[in-house]
Number of protein chains: 2
Amino acid sequence: MDAEQAPVDMSSGHEDHLKRDRTARSFVTSEDVARLAGVSRSAVSRTFTPGASVSADVRHRVQEAAKTLGYRVNRLARSLISDQSNLVGVVGANLSLPFMARQLDELSRALLRRGMQCLLLNAAEAEQGITPLIELILEFRVRAIVVMSGSPPTSIIDECMANGVRVILVNRQADDTEADTIISDDIGGARIAAERLLQAGCRRIGVVGSGAQTPTQIRRRGTFVDWIKDAGIEPAVWASGNTLYETGVEAARGLLASHDLDGVFCVTDLMALGFLDGARMMGRRIPEDLSVIGFDDIPQSAWASYRLTTVRQSMSDLTGSVLAAIEREMSGEGMAPLAHEVLPVELVERATVRSTV
Amino acid sequence: MDAEQAPVDMSSGHEDHLKRDRTARSFVTSEDVARLAGVSRSAVSRTFTPGASVSADVRHRVQEAAKTLGYRVNRLARSLISDQSNLVGVVGANLSLPFMARQLDELSRALLRRGMQCLLLNAAEAEQGITPLIELILEFRVRAIVVMSGSPPTSIIDECMANGVRVILVNRQADDTEADTIISDDIGGARIAAERLLQAGCRRIGVVGSGAQTPTQIRRRGTFVDWIKDAGIEPAVWASGNTLYETGVEAARGLLASHDLDGVFCVTDLMALGFLDGARMMGRRIPEDLSVIGFDDIPQSAWASYRLTTVRQSMSDLTGSVLAAIEREMSGEGMAPLAHEVLPVELVERATVRSTV
DNA sequence: GCAACCTTTGCACACGTGTGCAAATCTTTC
DNA sequence: GAAAGATTTGCACACGTGTGCAAAGGTTGC
């Protein structure tokens with residue numbers, strides 16, 4: 001008698017009970033919505049999938065029910081089934097430095113506008129390179145990885161490509177691997193700086209870089225030195241410390257104590273601003289005694305205390321190229337061609353280079 | 001004859017074929033690892049789950065196989081089953097502004113150190129408030145949401161809490177809801193600034209704020225005005241524009257043209273730096289003619305051209321409190337108590353306030 | 001050698017979603 | 001009004017993982 005009732009309860013009621021228990025302290029699922037709307041779970045799924053076939057009536061009922069229950073599709077499950085998320089991994093260090101901060105600001109905004117989201121990994125904590133960071137990102141089946149700091153080894157890049165994850169290197173060198181690389185024209189910029197100083201009549205010239213051995217640093221400094229030497233001048237070189245304001249101050253103290261320079265190129269605006277302050281502390285008048293050119297064009301360079309003449313990297317070009325590379329993967333079926341872009345730079349004339357006599 | 005082969009192939013071979021097809025162009029799964037290591041999939045799962053029971057032998061074999069195949073656990077699937085990811089959602093706008101950038105830098109670093117990752121949403125794109133952004137974050141079943149910009153309405157906060165997602169408001173007001181709020185002591189800081197200017201002998205006092213109606217702005221400006229009035233002085237007030245350097249310049253031009261001030265409090269360092277430059281352009285000597293105090297202590301305030309005396313928010317305190325709030329949720333079983341912290345600030349004396357006579 | 005106990009292993013189910021396929025419903029055309 | 005076509009719907013399987021449960025294996029103590 002009781003055996004007749006029990007099994008029925010166990011088989012049909014058991015599942016219901018468990019479900020209700022879970023949803024009470026957890027999220028609303030599409031099944032809950034389907035039940036309330038009186039349709040199948042498929043209908044719910046299709047309602048939230050753009051381009052799927054649902055009648056207006058059902059769509060409306062589902063949306064109503066979803067609203068009532070506070071339903072949100074579970075991105076984890078959706079990404080699991082489609083084996084791809086709308087996430088883009090971003091690796092960057094020194095996020096507080098003006099140039100990097102602007103880059104991240106623009107990039108995260110652009111991604112959001114295209115319906116993607118930004119999984120941010122701070123490379124500052126990475127003692128053993130950024131490979132472990134990229135592995136963390138890969139665990140989320142991201143659509144692409146943007147590297148703005150550190151240089152990933154070939155092995156990990158290849159692995160990403162093998163899994164259909166695009167790797168985009170911004171201002172990082174890795175010519176021999178299968179990654180998109182997008183860099184500003186450091187060589188052209190350094191040449192412009194050299195030409196401008198020479199044109200201004202500078203003859204005792206110096207260059208300030210940090211001790212960091214990044215390709216960008218080396219390219220800017222090296223190119224500048226070459227051009228100055230071509231003009232028959234042996235430039236004074238500073239190359240130590242971090243890529244910071246303080247290093248610029250230090251460089252001014254060190255360089256100007258031993259050399260009576262009248263023209264200096266700093267490979268980074270941040271260092272240039274420090275250099276300006278350092279030079280002023282040593283009694284130099286800018287630009288009468290000493291002309292200074294920077295590189296990047298960060299917001300602070302336009303401030304009234306500095307008005308730094310500098311080589312501008314176009315932030316919008318940079319962001320645009322990164323996004324184009326990401327979307328190339330999404331649209332095309334097969335392996336989209338890799339980008340190897342070199343973006344043009346331009347000289348921004350302000351007030352730290354003396355006018356040509 | 002052929003009908004005999006076909007069904008067999010379809011039923012048993014079909015699945016295998018599909019699997020192999022997928023894994024070829026996709027990621028390695030735990031099943032692949034299990035097969036190579038000659039164990040069950042459970043063993044693989046347990047090998048990568050801290051604290052699970054696996055023999056040393058099996059663990060070794062699994063790790064070997066995983067290494068060979070380049071296996072990485074699928075975070076999406078793991079999070080799906082455990083209904084929680086190691087993600088923390090971060091909402092912020094104006095990421096390129098120095099204070100925000102530093103905050104994000106420290107936070108992302110701290111999160112990574114604790115094994116969490118940072119899902120970044122840029123609130124700049126949010127015309128209709130940050131509710132849609134928070135919804136996007138919720139879709140990833142994040143562990144917590146840190147809001148550094150914009151103020152979420154009560155409804156969405158309650159919904160987060162109901163789903164076990166902690167909402168942490170940094171320098172945002174929302175006293176009446178179930179969110180952790182962590183703010184710097186704006187009131188105390190404004191008082192310190194007022195006292196310091198009065199102590200320096202300033203009698204013709206002004207205050208510079210932006211037009212933004214954020215609680216932080218209002219609190220700092222309002223408190224300062226009250227304290228100055230208490231001293232029997234009617235302060236000049238500037239309150240328009242964005243919270244930017246340029247606004248500071250504009251404020252100096254506007255305020256100093258009509259008032260001959262000898263002491264000014266800027267509610268933000270960024271505006272204070274602009275104000276300094278603007279005041280200098282108008283011929284004021286700092287601090288002889290005019291004393292200036294800022295708020296935040298951004299890196300630029302220490303630069304030699306400014307040496308701004310300012311009220312410092314402790315970045316490490318801020319980050320520490322945010323992390324504590326996140327981890328409180330993880331450790332405790334039940335609903336952990338909400339934080340309503342007000343962090344102390346301190347005056348950093350530099351060179352923009354004249355020494356007491 | 002056997003009982004008692006602890007550790008390790010595999011099975012099977014669950015998580016919440018997308019989607020191919022066939023059935024069902026609606027629309028159009030003659 | 002029926003046939004042909006177009007649209008909508010539900011079923012059922014798949015995605016890759018964690019974990020309770022019971023069986024199996026290993027160890028200890030008498």
# chains A, B, ... in the order shown; residues from 1 in each chain; ligands from 1
$ calpha_fit_and_write --fixed "chain A" --moving "chain B" --output "compact mmCIF listing (two decimals) with C-alpha atoms, in the first residue's frame"
# COMPACT_ATOMS: atom_id res chain seq x y z
CA MET B 1 3.65 0.68 3.95
CA ASP B 2 6.28 3.28 4.24
CA ALA B 3 8.53 1.43 1.82
CA GLU B 4 5.90 1.99 -0.83
CA GLN B 5 6.06 5.76 -0.54
CA ALA B 6 9.75 6.16 -0.13
CA PRO B 7 11.02 4.85 -3.48
CA VAL B 8 8.49 6.91 -5.40
CA ASP B 9 9.53 10.02 -3.61
CA MET B 10 13.15 9.20 -4.15
CA SER B 11 12.94 8.64 -7.86
CA SER B 12 10.62 11.38 -9.04
CA GLY B 13 10.60 13.82 -6.19
CA HIS B 14 14.26 13.61 -5.42
CA GLU B 15 15.38 15.49 -8.49
CA ASP B 16 12.75 18.17 -8.13
CA HIS B 17 13.66 18.69 -4.53
CA LEU B 18 17.33 19.10 -5.30
CA LYS B 19 16.58 21.54 -8.09
CA ARG B 20 14.40 23.72 -5.97
CA ASP B 21 16.90 23.63 -3.16
CA ARG B 22 19.64 24.85 -5.44
CA THR B 23 17.76 27.54 -7.24
CA ALA B 24 16.58 28.97 -3.99
CA ARG B 25 20.01 30.10 -2.95
CA SER B 26 21.52 30.27 -6.41
CA PHE B 27 20.80 31.79 -9.77
CA VAL B 28 17.70 31.53 -11.88
CA THR B 29 18.09 29.07 -14.76
CA SER B 30 16.50 28.96 -18.16
CA GLU B 31 14.44 26.03 -16.95
CA ASP B 32 12.78 28.21 -14.33
CA VAL B 33 11.94 30.77 -16.96
CA ALA B 34 10.62 28.11 -19.31
CA ARG B 35 8.32 26.73 -16.63
CA LEU B 36 6.89 30.15 -15.81
CA ALA B 37 6.43 31.09 -19.45
CA GLY B 38 4.90 27.71 -20.25
CA VAL B 39 7.36 26.87 -22.99
CA SER B 40 10.34 24.59 -23.45
CA ARG B 41 13.84 25.47 -22.36
CA SER B 42 14.88 25.65 -25.98
CA ALA B 43 12.54 28.55 -26.52
CA VAL B 44 14.19 30.44 -23.70
CA SER B 45 17.63 29.76 -25.09
CA ARG B 46 16.59 30.90 -28.53
CA THR B 47 15.04 34.05 -27.19
CA PHE B 48 18.42 35.10 -25.87
CA THR B 49 20.35 33.94 -28.91
CA PRO B 50 20.43 36.60 -31.61
CA GLY B 51 19.25 35.32 -34.95
CA ALA B 52 17.44 32.27 -33.62
CA SER B 53 13.93 31.40 -34.70
CA VAL B 54 11.24 32.27 -32.15
CA SER B 55 7.74 33.58 -32.64
CA ALA B 56 6.98 37.06 -31.40
CA ASP B 57 4.44 35.69 -28.95
CA VAL B 58 6.80 33.24 -27.30
CA ARG B 59 9.64 35.72 -27.25
CA HIS B 60 7.44 38.18 -25.44
CA ARG B 61 6.24 35.66 -22.88
CA VAL B 62 9.80 34.51 -22.23
CA GLN B 63 11.11 38.01 -21.81
CA GLU B 64 8.31 38.76 -19.42
CA ALA B 65 9.05 35.71 -17.33
CA ALA B 66 12.78 36.38 -17.40
CA LYS B 67 12.20 39.87 -16.17
CA THR B 68 9.97 38.65 -13.36
CA LEU B 69 12.48 36.06 -12.19
CA GLY B 70 15.58 38.19 -12.78
CA TYR B 71 17.03 35.67 -15.19
CA ARG B 72 20.48 36.14 -16.64
CA VAL B 73 22.06 33.66 -19.00
CA ASN B 74 24.94 31.83 -17.44
CA ARG B 75 27.95 32.90 -19.46
CA LEU B 76 29.96 29.99 -18.13
CA ALA B 77 27.56 27.41 -19.50
CA ARG B 78 27.13 29.27 -22.76
CA SER B 79 30.85 29.55 -23.25
CA LEU B 80 31.31 25.93 -22.31
CA ILE B 81 29.02 24.71 -25.05
CA SER B 82 30.26 27.09 -27.70
CA ASP B 83 33.87 26.59 -26.58
CA GLN B 84 34.53 30.31 -26.67
CA SER B 85 33.80 33.21 -24.39
CA ASN B 86 33.47 36.90 -25.06
CA LEU B 87 36.50 37.43 -22.88
CA VAL B 88 39.77 38.96 -23.98
CA GLY B 89 42.77 38.43 -21.76
CA VAL B 90 44.95 41.46 -21.10
CA VAL B 91 48.40 41.23 -19.60
CA GLY B 92 49.99 44.42 -18.36
CA ALA B 93 52.31 45.61 -15.65
CA ASN B 94 52.72 49.00 -14.02
CA LEU B 95 49.13 49.88 -14.67
CA SER B 96 49.60 53.08 -12.72
CA LEU B 97 52.09 54.51 -15.20
CA PRO B 98 50.36 57.12 -17.34
CA PHE B 99 50.97 55.53 -20.71
CA MET B 100 49.92 52.07 -19.67
CA ALA B 101 46.90 53.39 -17.84
CA ARG B 102 45.67 55.24 -20.90
CA GLN B 103 46.22 52.20 -23.04
CA LEU B 104 44.18 50.04 -20.70
CA ASP B 105 41.47 52.65 -20.42
CA GLU B 106 41.01 52.89 -24.16
CA LEU B 107 41.27 49.17 -24.73
CA SER B 108 38.77 48.20 -22.07
CA ARG B 109 36.35 50.77 -23.39
CA ALA B 110 36.69 49.62 -26.96
CA LEU B 111 36.25 46.00 -25.99
CA LEU B 112 33.09 46.72 -24.09
CA ARG B 113 31.71 48.67 -27.03
CA ARG B 114 32.16 45.58 -29.17
CA GLY B 115 30.47 43.34 -26.64
CA MET B 116 33.63 41.84 -25.24
CA GLN B 117 34.98 41.85 -21.75
CA CYS B 118 38.40 42.30 -20.32
CA LEU B 119 40.11 39.70 -18.16
CA LEU B 120 42.94 41.65 -16.60
CA LEU B 121 46.14 40.04 -15.38
CA ASN B 122 48.73 42.17 -13.65
CA ALA B 123 52.14 40.99 -14.72
CA ALA B 124 53.84 42.70 -11.80
CA GLU B 125 53.42 39.53 -9.76
CA ALA B 126 55.05 37.34 -12.35
CA GLU B 127 58.54 36.40 -11.28
CA GLN B 128 58.87 33.53 -13.73
CA GLY B 129 57.74 35.43 -16.79
CA ILE B 130 54.23 35.77 -18.02
CA THR B 131 53.73 32.20 -19.16
CA PRO B 132 51.81 31.20 -16.02
CA LEU B 133 49.61 34.24 -16.49
CA ILE B 134 48.78 33.31 -20.04
CA GLU B 135 47.95 29.81 -18.86
CA LEU B 136 45.50 31.27 -16.38
CA ILE B 137 43.89 33.24 -19.14
CA LEU B 138 43.69 30.24 -21.43
CA GLU B 139 41.67 28.39 -18.83
CA PHE B 140 38.83 30.75 -19.65
CA ARG B 141 38.82 29.97 -23.34
CA VAL B 142 39.34 33.61 -24.18
CA ARG B 143 38.93 34.95 -27.67
CA ALA B 144 42.34 36.62 -27.72
CA ILE B 145 45.20 37.65 -25.50
CA VAL B 146 46.66 41.14 -25.56
CA VAL B 147 50.14 41.40 -24.10
CA MET B 148 51.26 44.88 -23.14
CA SER B 149 54.04 43.84 -20.83
CA GLY B 150 56.65 41.13 -20.71
CA SER B 151 57.40 38.93 -23.66
CA PRO B 152 55.88 35.48 -23.86
CA PRO B 153 58.17 32.67 -25.04
CA THR B 154 57.54 31.13 -28.44
CA SER B 155 56.22 27.91 -26.98
CA ILE B 156 53.23 29.42 -25.25
CA ILE B 157 52.34 31.58 -28.23
CA ASP B 158 52.34 28.58 -30.50
CA GLU B 159 50.14 26.74 -28.07
CA CYS B 160 47.67 29.59 -28.08
CA MET B 161 47.56 29.68 -31.83
CA ALA B 162 47.08 25.93 -31.96
CA ASN B 163 44.01 26.37 -29.79
CA GLY B 164 42.68 29.17 -31.92
CA VAL B 165 43.51 31.92 -29.46
CA ARG B 166 45.09 34.93 -31.03
CA VAL B 167 48.03 36.54 -29.26
CA ILE B 168 48.51 40.24 -29.84
CA LEU B 169 51.75 41.83 -28.75
CA VAL B 170 51.62 45.59 -28.20
CA ASN B 171 54.98 47.30 -28.34
CA ARG B 172 56.65 43.94 -27.76
CA GLN B 173 59.00 42.18 -30.09
CA ALA B 174 58.62 38.59 -31.19
CA ASP B 175 59.24 38.52 -34.90
CA ASP B 176 59.90 34.85 -35.18
CA THR B 177 56.58 33.59 -33.83
CA GLU B 178 52.98 33.33 -34.83
CA ALA B 179 51.71 36.37 -32.97
CA ASP B 180 50.30 39.64 -34.16
CA THR B 181 52.66 42.43 -33.28
CA ILE B 182 51.63 46.04 -33.18
CA ILE B 183 54.31 48.56 -32.39
CA SER B 184 54.75 52.28 -32.73
CA ASP B 185 57.47 53.44 -35.04
CA ASP B 186 60.25 53.74 -32.49
CA ILE B 187 62.89 53.99 -35.16
CA GLY B 188 61.13 56.76 -37.03
CA GLY B 189 60.40 58.57 -33.81
CA ALA B 190 63.99 58.42 -32.62
CA ARG B 191 65.09 59.74 -36.00
CA ILE B 192 62.64 62.63 -35.79
CA ALA B 193 63.94 63.50 -32.33
CA ALA B 194 67.55 63.41 -33.50
CA GLU B 195 66.81 65.56 -36.53
CA ARG B 196 64.88 68.07 -34.50
CA LEU B 197 67.66 68.54 -31.94
CA LEU B 198 70.28 68.88 -34.65
CA GLN B 199 68.10 71.31 -36.53
CA ALA B 200 67.77 73.39 -33.35
CA GLY B 201 71.52 73.71 -33.37
CA CYS B 202 72.31 71.36 -30.51
CA ARG B 203 75.84 70.00 -30.69
CA ARG B 204 76.44 68.56 -27.21
CA ILE B 205 73.81 65.84 -27.19
CA GLY B 206 72.74 63.16 -24.73
CA VAL B 207 70.19 60.36 -24.55
CA VAL B 208 68.39 59.06 -21.48
CA GLY B 209 67.03 55.55 -21.20
CA SER B 210 66.32 53.19 -18.35
CA GLY B 211 68.21 50.04 -17.55
CA ALA B 212 65.35 47.90 -18.83
CA GLN B 213 66.44 45.81 -21.81
CA THR B 214 63.13 45.95 -23.63
CA PRO B 215 63.16 46.08 -27.41
CA THR B 216 61.37 49.42 -27.34
CA GLN B 217 64.03 50.99 -25.12
CA ILE B 218 66.85 49.58 -27.14
CA ARG B 219 65.37 50.58 -30.46
CA ARG B 220 64.70 54.16 -29.46
CA ARG B 221 68.04 54.66 -27.79
CA GLY B 222 70.05 52.83 -30.43
CA THR B 223 68.48 54.58 -33.39
CA PHE B 224 68.95 57.97 -31.80
CA VAL B 225 72.62 57.27 -31.03
CA ASP B 226 73.22 56.14 -34.61
CA TRP B 227 71.72 59.27 -36.09
CA ILE B 228 73.67 61.56 -33.79
CA LYS B 229 76.89 59.75 -34.59
CA ASP B 230 76.13 60.14 -38.27
CA ALA B 231 76.20 63.87 -37.65
CA GLY B 232 79.70 63.51 -36.28
CA ILE B 233 78.71 63.86 -32.64
CA GLU B 234 79.42 61.37 -29.88
CA PRO B 235 76.35 61.39 -27.62
CA ALA B 236 76.42 60.99 -23.85
CA VAL B 237 74.34 57.99 -22.81
CA TRP B 238 72.42 57.26 -19.62
CA ALA B 239 70.99 53.78 -19.31
CA SER B 240 70.11 52.61 -15.84
CA GLY B 241 67.27 52.62 -13.34
CA ASN B 242 63.57 51.98 -13.93
CA THR B 243 61.41 53.68 -16.49
CA LEU B 244 60.18 56.25 -13.99
CA TYR B 245 60.12 59.96 -13.23
CA GLU B 246 62.74 59.49 -10.54
CA THR B 247 65.15 57.97 -13.01
CA GLY B 248 64.86 61.11 -15.13
CA VAL B 249 65.82 63.28 -12.18
CA GLU B 250 68.74 61.03 -11.41
CA ALA B 251 69.85 61.05 -15.04
CA ALA B 252 69.87 64.85 -15.09
CA ARG B 253 71.98 64.98 -11.96
CA GLY B 254 74.40 62.38 -13.27
CA LEU B 255 74.64 63.45 -16.87
CA LEU B 256 74.71 67.21 -16.42
CA ALA B 257 77.31 67.05 -13.67
CA SER B 258 79.87 65.65 -16.07
CA HIS B 259 78.62 66.92 -19.43
CA ASP B 260 77.53 70.40 -20.44
CA LEU B 261 74.77 69.20 -22.74
CA ASP B 262 72.53 71.42 -24.85
CA GLY B 263 70.19 68.76 -26.23
CA VAL B 264 68.73 65.58 -24.72
CA PHE B 265 66.36 62.88 -25.93
CA CYS B 266 64.55 60.89 -23.26
CA VAL B 267 63.11 57.64 -24.55
CA THR B 268 60.05 58.04 -22.35
CA ASP B 269 57.97 61.08 -21.43
CA LEU B 270 57.91 60.07 -17.79
CA MET B 271 61.68 60.13 -17.63
CA ALA B 272 61.73 63.34 -19.66
CA LEU B 273 59.59 65.11 -17.08
CA GLY B 274 61.92 63.97 -14.32
CA PHE B 275 64.86 65.08 -16.41
CA LEU B 276 63.34 68.54 -16.86
CA ASP B 277 62.88 68.94 -13.13
CA GLY B 278 66.38 67.64 -12.45
CA ALA B 279 67.93 69.96 -15.01
CA ARG B 280 66.11 72.94 -13.57
CA MET B 281 67.31 72.04 -10.11
CA MET B 282 70.82 72.17 -11.54
CA GLY B 283 70.20 75.64 -12.81
CA ARG B 284 69.62 74.92 -16.48
CA ARG B 285 67.08 77.05 -18.31
CA ILE B 286 64.81 75.16 -20.69
CA PRO B 287 64.97 75.60 -23.64
CA GLU B 288 67.54 78.40 -23.66
CA ASP B 289 70.40 76.34 -22.23
CA LEU B 290 69.08 72.90 -22.92
CA SER B 291 66.54 71.38 -25.31
CA VAL B 292 64.65 68.23 -24.34
CA ILE B 293 62.49 65.85 -26.37
CA GLY B 294 60.45 62.98 -24.98
CA PHE B 295 58.56 60.00 -26.40
CA ASP B 296 54.92 58.85 -25.88
CA ASP B 297 52.99 62.05 -25.22
CA ILE B 298 51.39 61.30 -21.89
CA PRO B 299 48.84 63.78 -20.51
CA GLN B 300 51.31 65.24 -18.00
CA SER B 301 53.60 66.36 -20.81
CA ALA B 302 51.08 69.02 -21.77
CA TRP B 303 50.95 70.45 -18.24
CA ALA B 304 52.03 74.07 -17.94
CA SER B 305 55.06 73.32 -15.77
CA TYR B 306 56.53 71.14 -18.51
CA ARG B 307 55.11 71.77 -21.98
CA LEU B 308 57.29 68.99 -23.25
CA THR B 309 58.05 68.66 -26.93
CA THR B 310 57.65 64.99 -27.65
CA VAL B 311 57.07 62.20 -30.14
CA ARG B 312 53.46 61.13 -29.94
CA GLN B 313 52.20 57.57 -30.16
CA SER B 314 48.65 57.63 -31.39
CA MET B 315 46.61 55.87 -28.75
CA SER B 316 43.60 55.52 -31.01
CA ASP B 317 45.69 53.92 -33.74
CA LEU B 318 47.09 51.48 -31.23
CA THR B 319 43.71 50.51 -29.85
CA GLY B 320 42.19 50.38 -33.30
CA SER B 321 44.82 47.98 -34.57
CA VAL B 322 44.43 45.72 -31.56
CA LEU B 323 40.70 45.54 -32.06
CA ALA B 324 41.06 44.93 -35.75
CA ALA B 325 43.34 42.00 -35.01
CA ILE B 326 40.84 40.53 -32.58
CA GLU B 327 37.93 40.89 -34.91
CA ARG B 328 39.82 39.46 -37.84
CA GLU B 329 39.75 36.15 -36.02
CA MET B 330 36.04 36.33 -35.36
CA SER B 331 34.90 37.11 -38.88
CA GLY B 332 37.08 34.87 -41.00
CA GLU B 333 36.61 31.12 -41.08
CA GLY B 334 40.15 29.95 -41.57
CA MET B 335 43.33 31.22 -40.01
CA ALA B 336 43.33 34.95 -40.54
CA PRO B 337 46.59 36.54 -41.61
CA LEU B 338 48.83 37.90 -38.89
CA ALA B 339 49.41 41.59 -38.44
CA HIS B 340 52.86 43.06 -38.19
CA GLU B 341 51.95 46.69 -37.96
CA VAL B 342 54.25 49.61 -37.34
CA LEU B 343 52.21 52.66 -36.48
CA PRO B 344 53.36 56.13 -37.46
CA VAL B 345 54.35 58.66 -34.82
CA GLU B 346 54.40 62.44 -34.98
CA LEU B 347 56.33 65.24 -33.35
CA VAL B 348 54.33 67.44 -30.98
CA GLU B 349 56.05 70.81 -30.69
CA ARG B 350 55.67 72.46 -27.33
CA ALA B 351 58.22 74.50 -25.44
CA THR B 352 61.25 72.42 -24.53
CA VAL B 353 63.19 72.77 -27.77
CA ARG B 354 64.63 76.16 -28.57
CA SER B 355 63.45 77.68 -31.78
CA THR B 356 65.80 77.45 -34.71
CA VAL B 357 68.08 80.43 -35.00
$ select_by_dssp --residues "region 4-215 of chain B" --states "strand (DSSP E)" --output "count of residues only"
31
$ atom_distance --atom1 "C1' of DT8 (chain D)" --atom2 "C1' of DT25 (chain C)"
7.1 Å
$ interface_residues --of "chain C" --to "chain A" --cutoff "8 Å" --atoms "only C-alpha atoms (C1' of nucleotides)" --output "list of chain:residue names"
C:DG16, C:DT17, C:DG18
$ select_by_dssp --residues "region 27-193 of chain A" --states "alpha helix (DSSP H)" --output "number ranges by chain"
A: 30-37, 41-47, 56-69, 75-82, 98-113, 131-138, 154-162, 186-193
$ closest_atom_pairs --of "chain D" --to "chain B" --cutoff "7 Å" --atoms "only C-alpha atoms (C1' of nucleotides)" --output "tab-separated table"
residue	atom	partner	partner_atom	distance
D:DG16	C1'	B:Ala77	CA	5.3
D:DT17	C1'	B:Ala77	CA	4.9
D:DG18	C1'	B:Ile81	CA	6.2
$ atom_distance --atom1 "C1' of DG20 (chain D)" --atom2 "C1' of DT7 (chain C)"
16.2 Å
$ atom_distance --atom1 "C1' of DT19 (chain D)" --atom2 "C1' of DA12 (chain C)"
10.4 Å
$ residues_around --residues "DC6 (chain C)" --least-positions-apart "3" --cutoff "12 Å" --atoms "only C-alpha atoms (C1' of nucleotides)" --output "mmCIF file with N, CA and C atoms (P, O5', C5', C4', C3', O3' and C1' of nucleotides), in the first residue's frame"
data_model
loop_
_atom_site.group_PDB
_atom_site.id
_atom_site.type_symbol
_atom_site.label_atom_id
_atom_site.label_comp_id
_atom_site.auth_asym_id
_atom_site.auth_seq_id
_atom_site.Cartn_x
_atom_site.Cartn_y
_atom_site.Cartn_z
ATOM 1 N N SER B 53 42.306 13.116 -2.524
ATOM 2 C CA SER B 53 43.058 11.914 -2.171
ATOM 3 C C SER B 53 43.545 11.167 -3.420
ATOM 4 P P DG D 25 41.347 -5.221 -6.419
ATOM 5 O "O5'" DG D 25 42.553 -4.542 -5.630
ATOM 6 C "C5'" DG D 25 42.953 -3.214 -5.962
ATOM 7 C "C4'" DG D 25 43.634 -2.593 -4.766
ATOM 8 C "C3'" DG D 25 44.680 -3.492 -4.100
ATOM 9 O "O3'" DG D 25 45.961 -2.889 -4.232
ATOM 10 C "C1'" DG D 25 43.267 -2.438 -2.486
ATOM 11 P P DG D 26 47.248 -3.640 -3.688
ATOM 12 O "O5'" DG D 26 47.442 -2.954 -2.270
ATOM 13 C "C5'" DG D 26 47.567 -1.542 -2.182
ATOM 14 C "C4'" DG D 26 47.697 -1.133 -0.729
ATOM 15 C "C3'" DG D 26 48.723 -1.943 0.064
ATOM 16 O "O3'" DG D 26 49.635 -1.061 0.707
ATOM 17 C "C1'" DG D 26 46.635 -1.919 1.194
ATOM 18 P P DT D 27 50.867 -1.638 1.549
ATOM 19 O "O5'" DT D 27 50.354 -1.499 3.038
ATOM 20 C "C5'" DT D 27 49.980 -0.214 3.536
ATOM 21 C "C4'" DT D 27 49.430 -0.358 4.936
ATOM 22 C "C3'" DT D 27 50.364 -1.069 5.927
ATOM 23 O "O3'" DT D 27 50.643 -0.193 7.003
ATOM 24 C "C1'" DT D 27 48.147 -1.906 6.076
ATOM 25 P P DT D 28 51.847 -0.588 8.009
ATOM 26 O "O5'" DT D 28 51.024 -1.029 9.301
ATOM 27 C "C5'" DT D 28 50.033 -0.141 9.848
ATOM 28 C "C4'" DT D 28 49.110 -0.928 10.763
ATOM 29 C "C3'" DT D 28 49.831 -1.709 11.879
ATOM 30 O "O3'" DT D 28 49.452 -1.180 13.138
ATOM 31 C "C1'" DT D 28 48.110 -3.002 10.838
#
